[in-house]
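Chemist: Take this structure, written in C-alpha cells, and hold onto it; I'll ask about it next.
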2 protein chains.
Amino acid sequence: MGHQTNKQIILKNYVNGFPTESDMEVRNGAIQLKLPEGSNGVLVKNLYLSCDPYMRNRMSNIKGSYIDSFTPGSTITGFGVSKVIESGRADLNKDDLVWGLTGWEEYSLITAPETLIKIQHTHDVPLSYYTGILGLPGLTAYVGFYDICSPKKGDTVFVSAASGAVGQLVGQFAKSFGCYVVGSAGSDEKVNLLKNKFGFDDGFNYKEEHDLDAAFKRYFPNGIDIYFDHVGGKMLDAVLANMRLNGRIAICGMISQYNLEKSEGVHNLMELVAKRIQMKGFLILDSYHLYPKYLETILPLIREGKIVYVEDIDEGLENAPKALIGLFHGRNVGKQVVVVARK
Amino acid sequence: MGHQTNKQIILKNYVNGFPTESDMEVRNGAIQLKLPEGSNGVLVKNLYLSCDPYMRNRMSNIKGSYIDSFTPGSTITGFGVSKVIESGRADLNKDDLVWGLTGWEEYSLITAPETLIKIQHTHDVPLSYYTGILGLPGLTAYVGFYDICSPKKGDTVFVSAASGAVGQLVGQFAKSFGCYVVGSAGSDEKVNLLKNKFGFDDGFNYKEEHDLDAAFKRYFPNGIDIYFDHVGGKMLDAVLANMRLNGRIAICGMISQYNLEKSEGVHNLMELVAKRIQMKGFLILDSYHLYPKYLETILPLIREGKIVYVEDIDEGLENAPKALIGLFHGRNVGKQVVVVARK
C-alpha cells in the first residue's frame, strides 16, 4: 500500500477570453490508493472524461453564480465514468462502474460521492456513453426538448450547435416526435452528419451564412416554433426575428458568449411581446431525479438503433486540455470525450 | 341630415425617433351623421381617448408585425370611450356607451364594430376609467400579473413605469396578493404616488439612479422573483442580473426602446440559464375573452376603495398629440386620457 503516481490536469490561473492549453498543465501528482480510516468517500480509477462547454465558466473567477469556479493550482473537475477501487459508500463495491463528478486525473478520491450513479453496464452499449447520451447531455436534451420546449406535432424546430452532445439528440427527439427540424453547425462535415446520420430535415453551416436572417427566412419561410439554444448572441438575435406566434425558446447554454469580455447585446427582445414568445433557461442539475426514467426510455432506443450517437474520442489524459479547448473552436465532431483508461 | 364638421388628428408621415407634435396635425374634416344604407357599422361621438405607448409602434413604417402601421394622411386610431349616435349592430342603440377601437376625431364611423364593448355605466365610477382600469390597461395588469407572472405569496416584485396605467394596478394587485413590491418611475412626484397612494412597499426615481444594479441590490438584497417589464433596455438588463432562482419576467412593453433607431442590446441573458428564469412576452388582445370576468372582479374593488386609480386628463382633442408625445417623456402622472367631449 504505497503511493501511486497520479497524472493530473491543473488549472494554472483564471482565464480571460479564449482558454489555451497553457492555461492548464499536466502535473505528476501522487495518491494513496487506500481510503482514509472511517471515510465514506469513494476511491476511483477514472476511465472516460466529459468535455462540456459549461466548464469554461468555471475557469473564470466568478462568484455567486450557479456553479463555483475551479481553484487555480488544483485539479480540474468534471463529469466522467470511473471504476471503484475502494468504497466507503455502502451500495458501491470494488470494480463497480459509476458516473458522476470526478477529477481530471488518473485516480480520484471522491469525498462527496452522493452524486455518483452506479452503472449497470452491458457490453452492447459503449461505456463512454455515460458521459453523453446516457449521462447529463442526454438528460439535458430529453428534459429540454420535452419539458421546456412543450413541442407539438408539426412544430418547426431549430437547433444550434446541432451536432454536439446535446444537439444531435434534440434533433432526433424532435424528428421522432413529428417535428420539422433544421440544425446549424460549424462545418460542412457536421452539417452532413445532421442530414445523413441524425435525420434532420435540413442543416446549414453558420460560418458560411453572412446574413443569418436571410438563412432563417430560407429554411423557415413560415417561421420557427421552437428554438433549442446552445449559442446565444447573434444567432439568438436572428432567431428572435424569425419566431412564430407563441414560440418557445429553451436556453441550454450560450457557448458563443463564454469567451467574450462582455457578452454581445441581444436587440430583438421586443419580438417576445409581438409574438408572445416564451424564453426559458434551464439547468439539468434540477432534473437529476428524472434520470432513471430517462435511462429506461433511451437504452432500448439505442439498442434498437432508433437513436444514434456520435462521439469524438481523444486518447490520453494529457490530451484533455486540447480536447476541452477544441470545443470553443468547434473542433469536435460529436460529443467530446477523453479516454484516461479503458478499464 | 347635413354634413357635420369633424375635427381629426392626422398622422402626417411615418416617424423616426421621438415623435413630435409636428408629426401630427389637426384637420377640420366633415362627416355625414347618418349610417350608409344597410351598413352594420356604428356611428359614434367620441368622448375619451386613451394614449398608450404601443401607439408609437404604429407611427413607424412596420410590416408583418403584430399590429398595422397608421396610414400617413389619415386619422390616428386608438382605444376610447364613445357614445352611439346610430347603430347597424343589433345589440347597440342610440345613446349607448361603448369602449373599443375608434378614431382620434370628434365623430367616427366604425365599420368593424365587433370589438366595441357596451358599457353598463353607473355614475359612481368615472366613465373615463373604461380607457384604463376598466379597459385594456386594467385587463393587461390583471392577466399579466396573475397568469404570466405566476405569483406566490411572499414573492418580491419589481414594476417599471410603475405609476402608469398598467403599473399602478400591477403594484396594487401584487400587494393585495401578499407580495413585496417596489416600483420605479421618472420623478419624485410619481415615486411619492407609488408609496403613498398605491401602497407599494418602496419605489425609486430611476433618473436619479446612476447605477441601476446598485439600486436593485439596495431594494432587493435577496433578489427579484417577478419583474413586470414596461421599459426593456438597460432596466431589463440590470433586473436580469438581480433575479432570483426560478424568477419570472412578464414583458408587457419596452417603452424605452420605441423611439430608438436600433434597440439597445441586452447582455445578461445568460442569467436565464444560471437562474432558470422564464421570460414571456404577452399581448392583451389574446385575452379579450377574460374581460367580463375581470370587470366583475374589479368593479366592486373600485367601489369599496380597495383599488385606487390615477388618471392624467387633458382637455380637448387638439391637445391629443401633445398628450401622446408626453408619454415618451414621462410627462403624464398616471393614465393619460384625452377628453374630446364629456357627453
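Labels used: A, B, ... for chains in the order of the C-alpha cells, numbers from 1 for residues in each chain, and numbers from 1 for ligands as shown.
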When the cut-off is 7 Å and we count only C-alpha atoms, which residues of chain B are near chain A, given as a ChimeraX atom specification?

Modeler: /B:65-66,251-254,263-267,270,272-274,276-283

Chemist: Pick out the residues sitting within 12 Å of Val191 in chain A, and hand them over as a list of chain:residue names; count only C-alpha atoms, and ignore anything fewer than 4 positions along from it in its own chain.

Modeler: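 These residues fall inside the cut-off: A:Val159, A:Ser160, A:Ala161, A:Ala162, A:Ser163, A:Gly164, A:Gln168, A:Val182, A:Gly183, A:Ser184, A:Ala185, A:Gly186, A:Ser187, A:Lys195, A:Asn196, A:Lys197, A:Phe198, A:Gly199, A:Phe200, A:Asp201, A:Asp202, A:Gly203, A:Phe204, A:Asn205, A:Tyr206, A:Lys207, A:Glu208, A:Val333, A:Gly334.
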
Chemist: Could you produce a table of the residues of range 42-75 of chain B lying within 6 Å of range 83-96 of chain B, with the nearest pair of atoms per residue and their separation in Å rounded to one decimal, using only C-alpha atoms, ordered by chain and increasing residue number, as JSON lines?

Modeler:
```
{"residue": "B:Val42", "atom": "CA", "partner": "B:Ser87", "partner_atom": "CA", "distance": 4.4}
{"residue": "B:Leu43", "atom": "CA", "partner": "B:Glu86", "partner_atom": "CA", "distance": 5.1}
{"residue": "B:Val44", "atom": "CA", "partner": "B:Val84", "partner_atom": "CA", "distance": 4.5}
{"residue": "B:Lys45", "atom": "CA", "partner": "B:Lys83", "partner_atom": "CA", "distance": 5.1}
```

Chemist: Can you write out the residues you just picked, keeping N, CA and C atoms, as a compact mmCIF listing (two decimals), in the first residue's frame?

Modeler:
```
# COMPACT_ATOMS: atom_id res chain seq x y z
N VAL B 42 -71.20 51.30 -36.87
CA VAL B 42 -71.74 52.08 -35.76
C VAL B 42 -71.17 53.49 -35.86
N LEU B 43 -72.05 54.47 -35.78
CA LEU B 43 -71.65 55.87 -35.82
C LEU B 43 -71.58 56.36 -34.38
N VAL B 44 -70.42 56.88 -33.99
CA VAL B 44 -70.27 57.28 -32.57
C VAL B 44 -69.76 58.71 -32.43
N LYS B 45 -70.05 59.27 -31.28
CA LYS B 45 -69.43 60.52 -30.85
C LYS B 45 -68.37 60.12 -29.83
```

Chemist: Find the residues near Gly138 in chain A: any atom within 10 Å, counting only C-alpha atoms, skip ones fewer than 5 places away on the same chain, and give them as number ranges by chain.

Modeler: A: 129-133, 143-144, 165-170, 284, 291, 294-295, 298

Chemist: Write the residues of the preceding selection, restricted to N, CA and C atoms, as a short mmCIF file (atom, residue, chain, number, x, y, z; two decimals), in the first residue's frame.

Modeler:
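The resulting file, result19.cif, is shown below:
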```cif
data_model
loop_
_atom_site.label_atom_id
_atom_site.label_comp_id
_atom_site.auth_asym_id
_atom_site.auth_seq_id
_atom_site.Cartn_x
_atom_site.Cartn_y
_atom_site.Cartn_z
N TYR A 129 -20.62 6.21 -23.32
CA TYR A 129 -21.93 6.88 -23.50
C TYR A 129 -22.44 7.49 -22.19
N TYR A 130 -21.92 7.00 -21.07
CA TYR A 130 -22.38 7.57 -19.79
C TYR A 130 -21.83 8.98 -19.55
N THR A 131 -20.94 9.44 -20.41
CA THR A 131 -20.55 10.86 -20.38
C THR A 131 -21.48 11.68 -21.28
N GLY A 132 -22.35 11.01 -22.04
CA GLY A 132 -23.14 11.73 -23.04
C GLY A 132 -24.59 11.31 -23.08
N ILE A 133 -24.92 10.51 -24.06
CA ILE A 133 -26.33 10.16 -24.25
C ILE A 133 -26.91 9.46 -23.03
N VAL A 143 -35.07 16.43 -21.26
CA VAL A 143 -35.86 17.36 -20.44
C VAL A 143 -36.05 18.68 -21.18
N GLY A 144 -34.97 19.15 -21.80
CA GLY A 144 -35.06 20.42 -22.51
C GLY A 144 -36.07 20.37 -23.63
N ALA A 165 -23.07 17.26 -28.35
CA ALA A 165 -23.54 16.22 -27.44
C ALA A 165 -25.04 16.27 -27.24
N VAL A 166 -25.57 17.46 -27.05
CA VAL A 166 -27.00 17.62 -26.77
C VAL A 166 -27.79 17.80 -28.07
N GLY A 167 -27.25 18.63 -28.97
CA GLY A 167 -27.99 18.99 -30.18
C GLY A 167 -28.37 17.80 -31.04
N GLN A 168 -27.45 16.87 -31.21
CA GLN A 168 -27.75 15.70 -32.07
C GLN A 168 -28.93 14.91 -31.52
N LEU A 169 -29.08 14.91 -30.19
CA LEU A 169 -30.20 14.19 -29.58
C LEU A 169 -31.50 14.98 -29.67
N VAL A 170 -31.41 16.29 -29.44
CA VAL A 170 -32.61 17.13 -29.56
C VAL A 170 -33.21 16.96 -30.95
N ILE A 284 -29.73 21.29 -16.06
CA ILE A 284 -30.16 19.90 -15.91
C ILE A 284 -29.99 19.41 -14.47
N TYR A 291 -33.58 11.05 -14.12
CA TYR A 291 -32.60 10.23 -14.82
C TYR A 291 -33.01 8.75 -14.95
N TYR A 294 -35.45 8.40 -17.66
CA TYR A 294 -34.81 8.68 -18.94
C TYR A 294 -34.01 7.47 -19.42
N LEU A 295 -33.22 6.91 -18.51
CA LEU A 295 -32.34 5.79 -18.87
C LEU A 295 -33.17 4.61 -19.39
N ILE A 298 -34.26 5.51 -22.94
CA ILE A 298 -33.28 5.71 -24.01
C ILE A 298 -32.52 4.42 -24.34
#
```

Chemist: Got a sec: who's within 12 Å of Leu260 in chain A, counting only C-alpha atoms, leaving out chain neighbours fewer than 6 positions off, as JSON, numbers by chain?

Modeler: {"A": [15, 16, 17, 18, 19, 56, 57, 60, 233, 254, 328], "B": [267]}

Chemist: Between CA of Lys12 in chain A and CA of Leu285 in chain A, what is the distance in Å, rounded to a tenth?

Modeler: 27.2 Å

Chemist: I'd like to know which residues of range 168-222 of chain A are strand (DSSP E) (by DSSP, run on the backbone); could you write them as a list in words?

Modeler: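 Taking range 168-222 of chain A and keeping strand (DSSP E) only, one gets Tyr180, Val181, Val182, Gly183, Ser184, Ala185, Asp202, Gly203, Phe204 and Asn205 of chain A.
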
Chemist: Using only C-alpha atoms, can you tell me which of A:Ile302, A:Ile307, A:Leu212, A:Leu139 comes closest to Ser176 in chain A?

Modeler: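 Ranking A:Ile302, A:Ile307, A:Leu212, A:Leu139 by distance to Ser176 in chain A, first place goes to A:Ile307.
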
Chemist: Quick one: DSSP alpha helix (DSSP H) residues in range 146-237 of chain A, as a ChimeraX atom specification?

Modeler: /A:167-177,188-196,212-219,233-237

Chemist: Take the selection from the previous step and output its residues with C-alpha atoms, as a PDB file, in the first residue's frame.

Modeler:
```pdb
ATOM      1  CA  GLY A 167     -27.985  18.985 -30.182  1.00  0.00           C
ATOM      2  CA  GLN A 168     -27.747  15.703 -32.068  1.00  0.00           C
ATOM      3  CA  LEU A 169     -30.203  14.185 -29.578  1.00  0.00           C
ATOM      4  CA  VAL A 170     -32.611  17.126 -29.564  1.00  0.00           C
ATOM      5  CA  GLY A 171     -32.835  16.827 -33.332  1.00  0.00           C
ATOM      6  CA  GLN A 172     -33.561  13.116 -33.194  1.00  0.00           C
ATOM      7  CA  PHE A 173     -36.138  13.514 -30.404  1.00  0.00           C
ATOM      8  CA  ALA A 174     -37.844  16.281 -32.368  1.00  0.00           C
ATOM      9  CA  LYS A 175     -37.918  14.234 -35.574  1.00  0.00           C
ATOM     10  CA  SER A 176     -39.351  11.182 -33.847  1.00  0.00           C
ATOM     11  CA  PHE A 177     -41.983  13.461 -32.254  1.00  0.00           C
ATOM     12  CA  ASP A 188     -19.858  21.044 -43.843  1.00  0.00           C
ATOM     13  CA  GLU A 189     -18.795  17.720 -42.339  1.00  0.00           C
ATOM     14  CA  LYS A 190     -21.029  18.384 -39.340  1.00  0.00           C
ATOM     15  CA  VAL A 191     -23.932  19.544 -41.489  1.00  0.00           C
ATOM     16  CA  ASN A 192     -23.573  16.333 -43.425  1.00  0.00           C
ATOM     17  CA  LEU A 193     -23.879  14.391 -40.165  1.00  0.00           C
ATOM     18  CA  LEU A 194     -27.054  16.282 -39.272  1.00  0.00           C
ATOM     19  CA  LYS A 195     -28.723  15.407 -42.526  1.00  0.00           C
ATOM     20  CA  ASN A 196     -27.380  11.932 -43.208  1.00  0.00           C
ATOM     21  CA  LEU A 212     -28.364  34.761 -40.609  1.00  0.00           C
ATOM     22  CA  ASP A 213     -31.735  36.447 -41.002  1.00  0.00           C
ATOM     23  CA  ALA A 214     -31.807  35.511 -44.683  1.00  0.00           C
ATOM     24  CA  ALA A 215     -30.781  31.952 -43.800  1.00  0.00           C
ATOM     25  CA  PHE A 216     -33.707  31.585 -41.415  1.00  0.00           C
ATOM     26  CA  LYS A 217     -36.120  33.020 -43.960  1.00  0.00           C
ATOM     27  CA  ARG A 218     -34.852  30.379 -46.397  1.00  0.00           C
ATOM     28  CA  TYR A 219     -35.021  27.403 -44.031  1.00  0.00           C
ATOM     29  CA  GLY A 233     -25.586  36.109 -29.100  1.00  0.00           C
ATOM     30  CA  LYS A 234     -26.129  36.932 -32.780  1.00  0.00           C
ATOM     31  CA  MET A 235     -27.751  33.579 -33.514  1.00  0.00           C
ATOM     32  CA  LEU A 236     -30.367  34.090 -30.811  1.00  0.00           C
ATOM     33  CA  ASP A 237     -30.987  37.614 -32.081  1.00  0.00           C
TER      34      ASP A 237
END
```

Chemist: Of the candidates B:Arg303, B:Cys179, B:Val125, B:Gly100, which one gets nearest to Ala112 in chain B if we count only C-alpha atoms?

Modeler: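 With only C-alpha atoms as the atom set, the closest residue is B:Gly100.
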
Chemist: Take CA of Arg58 in chain B and CA of Leu324 in chain B and report the distance between them in Å, one decimal.

Modeler: 12.6 Å

Chemist: Considering only C-alpha atoms, can you say which of B:Ala141, B:Val98, B:Ile31, B:Ile110 comes closest to Ser128 in chain B?

Modeler: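 Looking only at the distances to Ser128 in chain B, the closest residue turns out to be B:Val98.
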
Chemist: Between CA of Arg244 in chain A and CA of Leu116 in chain B, measure the distance and give it in Å to one decimal.

Modeler: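 Separation between CA of Arg244 in chain A and CA of Leu116 in chain B: 28.3 Å.
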
Chemist: Excluding same-chain residues fewer than 5 positions from Val81 in chain A, what lies within 6 Å of it counting only C-alpha atoms, as a list in words?

Modeler: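 Everything that qualifies: Leu47, Tyr48, Val98 and Trp99 of chain A.
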
Chemist: Using only C-alpha atoms, pick whichever of B:Phe70, B:Tyr54, B:Tyr227, B:Phe79 has the shortest atom-to-atom distance to Leu136 in chain B.

Modeler: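 Closest candidate: B:Phe79.
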
Chemist: Please identify all polymer residues within 9 Å of Val338 in chain B, counting only C-alpha atoms, omitting same-chain residues fewer than 2 positions from it, and present them as a PDB file with N, CA and C atoms, in the first residue's frame.

Modeler:
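Below you can see around_0.pdb, which holds the result:
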```pdb
ATOM      1  N   LEU B  47     -65.833  60.379 -26.779  1.00  0.00           N
ATOM      2  CA  LEU B  47     -65.808  61.119 -25.512  1.00  0.00           C
ATOM      3  C   LEU B  47     -64.399  61.154 -24.904  1.00  0.00           C
ATOM      4  N   TYR B  48     -63.826  59.970 -24.660  1.00  0.00           N
ATOM      5  CA  TYR B  48     -62.495  59.892 -24.039  1.00  0.00           C
ATOM      6  C   TYR B  48     -61.571  59.063 -24.925  1.00  0.00           C
ATOM      7  N   LEU B  49     -60.357  59.553 -25.129  1.00  0.00           N
ATOM      8  CA  LEU B  49     -59.370  58.801 -25.907  1.00  0.00           C
ATOM      9  C   LEU B  49     -58.226  58.361 -25.007  1.00  0.00           C
ATOM     10  N   SER B  50     -57.739  57.179 -25.273  1.00  0.00           N
ATOM     11  CA  SER B  50     -56.653  56.594 -24.487  1.00  0.00           C
ATOM     12  C   SER B  50     -55.316  56.825 -25.194  1.00  0.00           C
ATOM     13  N   CYS B  51     -54.325  57.344 -24.466  1.00  0.00           N
ATOM     14  CA  CYS B  51     -52.962  57.460 -25.016  1.00  0.00           C
ATOM     15  C   CYS B  51     -52.149  56.293 -24.482  1.00  0.00           C
ATOM     16  N   ASP B 312     -54.393  61.062 -15.725  1.00  0.00           N
ATOM     17  CA  ASP B 312     -53.873  62.377 -16.094  1.00  0.00           C
ATOM     18  C   ASP B 312     -54.705  62.808 -17.302  1.00  0.00           C
ATOM     19  N   ILE B 313     -55.631  63.725 -17.073  1.00  0.00           N
ATOM     20  CA  ILE B 313     -56.632  64.035 -18.098  1.00  0.00           C
ATOM     21  C   ILE B 313     -56.355  65.367 -18.783  1.00  0.00           C
ATOM     22  N   ASP B 314     -56.167  65.328 -20.085  1.00  0.00           N
ATOM     23  CA  ASP B 314     -56.016  66.555 -20.876  1.00  0.00           C
ATOM     24  C   ASP B 314     -57.337  66.867 -21.572  1.00  0.00           C
ATOM     25  N   GLU B 315     -57.666  68.131 -21.618  1.00  0.00           N
ATOM     26  CA  GLU B 315     -58.944  68.548 -22.204  1.00  0.00           C
ATOM     27  C   GLU B 315     -58.764  68.911 -23.676  1.00  0.00           C
ATOM     28  N   GLY B 316     -59.618  68.374 -24.521  1.00  0.00           N
ATOM     29  CA  GLY B 316     -59.655  68.839 -25.903  1.00  0.00           C
ATOM     30  C   GLY B 316     -58.886  67.977 -26.877  1.00  0.00           C
ATOM     31  N   LEU B 317     -59.573  67.592 -27.951  1.00  0.00           N
ATOM     32  CA  LEU B 317     -58.956  66.757 -28.975  1.00  0.00           C
ATOM     33  C   LEU B 317     -57.674  67.376 -29.518  1.00  0.00           C
ATOM     34  N   ASN B 319     -55.451  68.795 -28.081  1.00  0.00           N
ATOM     35  CA  ASN B 319     -54.304  68.548 -27.209  1.00  0.00           C
ATOM     36  C   ASN B 319     -53.857  67.082 -27.210  1.00  0.00           C
ATOM     37  N   ALA B 320     -54.517  66.268 -28.007  1.00  0.00           N
ATOM     38  CA  ALA B 320     -54.193  64.835 -28.019  1.00  0.00           C
ATOM     39  C   ALA B 320     -52.753  64.549 -28.483  1.00  0.00           C
ATOM     40  N   ALA B 323     -50.441  65.202 -25.654  1.00  0.00           N
ATOM     41  CA  ALA B 323     -50.626  64.211 -24.586  1.00  0.00           C
ATOM     42  C   ALA B 323     -49.935  62.897 -24.946  1.00  0.00           C
ATOM     43  N   GLN B 336     -52.779  58.383 -19.032  1.00  0.00           N
ATOM     44  CA  GLN B 336     -53.008  59.559 -19.883  1.00  0.00           C
ATOM     45  C   GLN B 336     -54.293  59.404 -20.694  1.00  0.00           C
ATOM     46  N   VAL B 340     -62.491  64.400 -25.302  1.00  0.00           N
ATOM     47  CA  VAL B 340     -62.984  65.041 -26.521  1.00  0.00           C
ATOM     48  C   VAL B 340     -64.309  65.742 -26.199  1.00  0.00           C
TER      49      VAL B 340
END
```
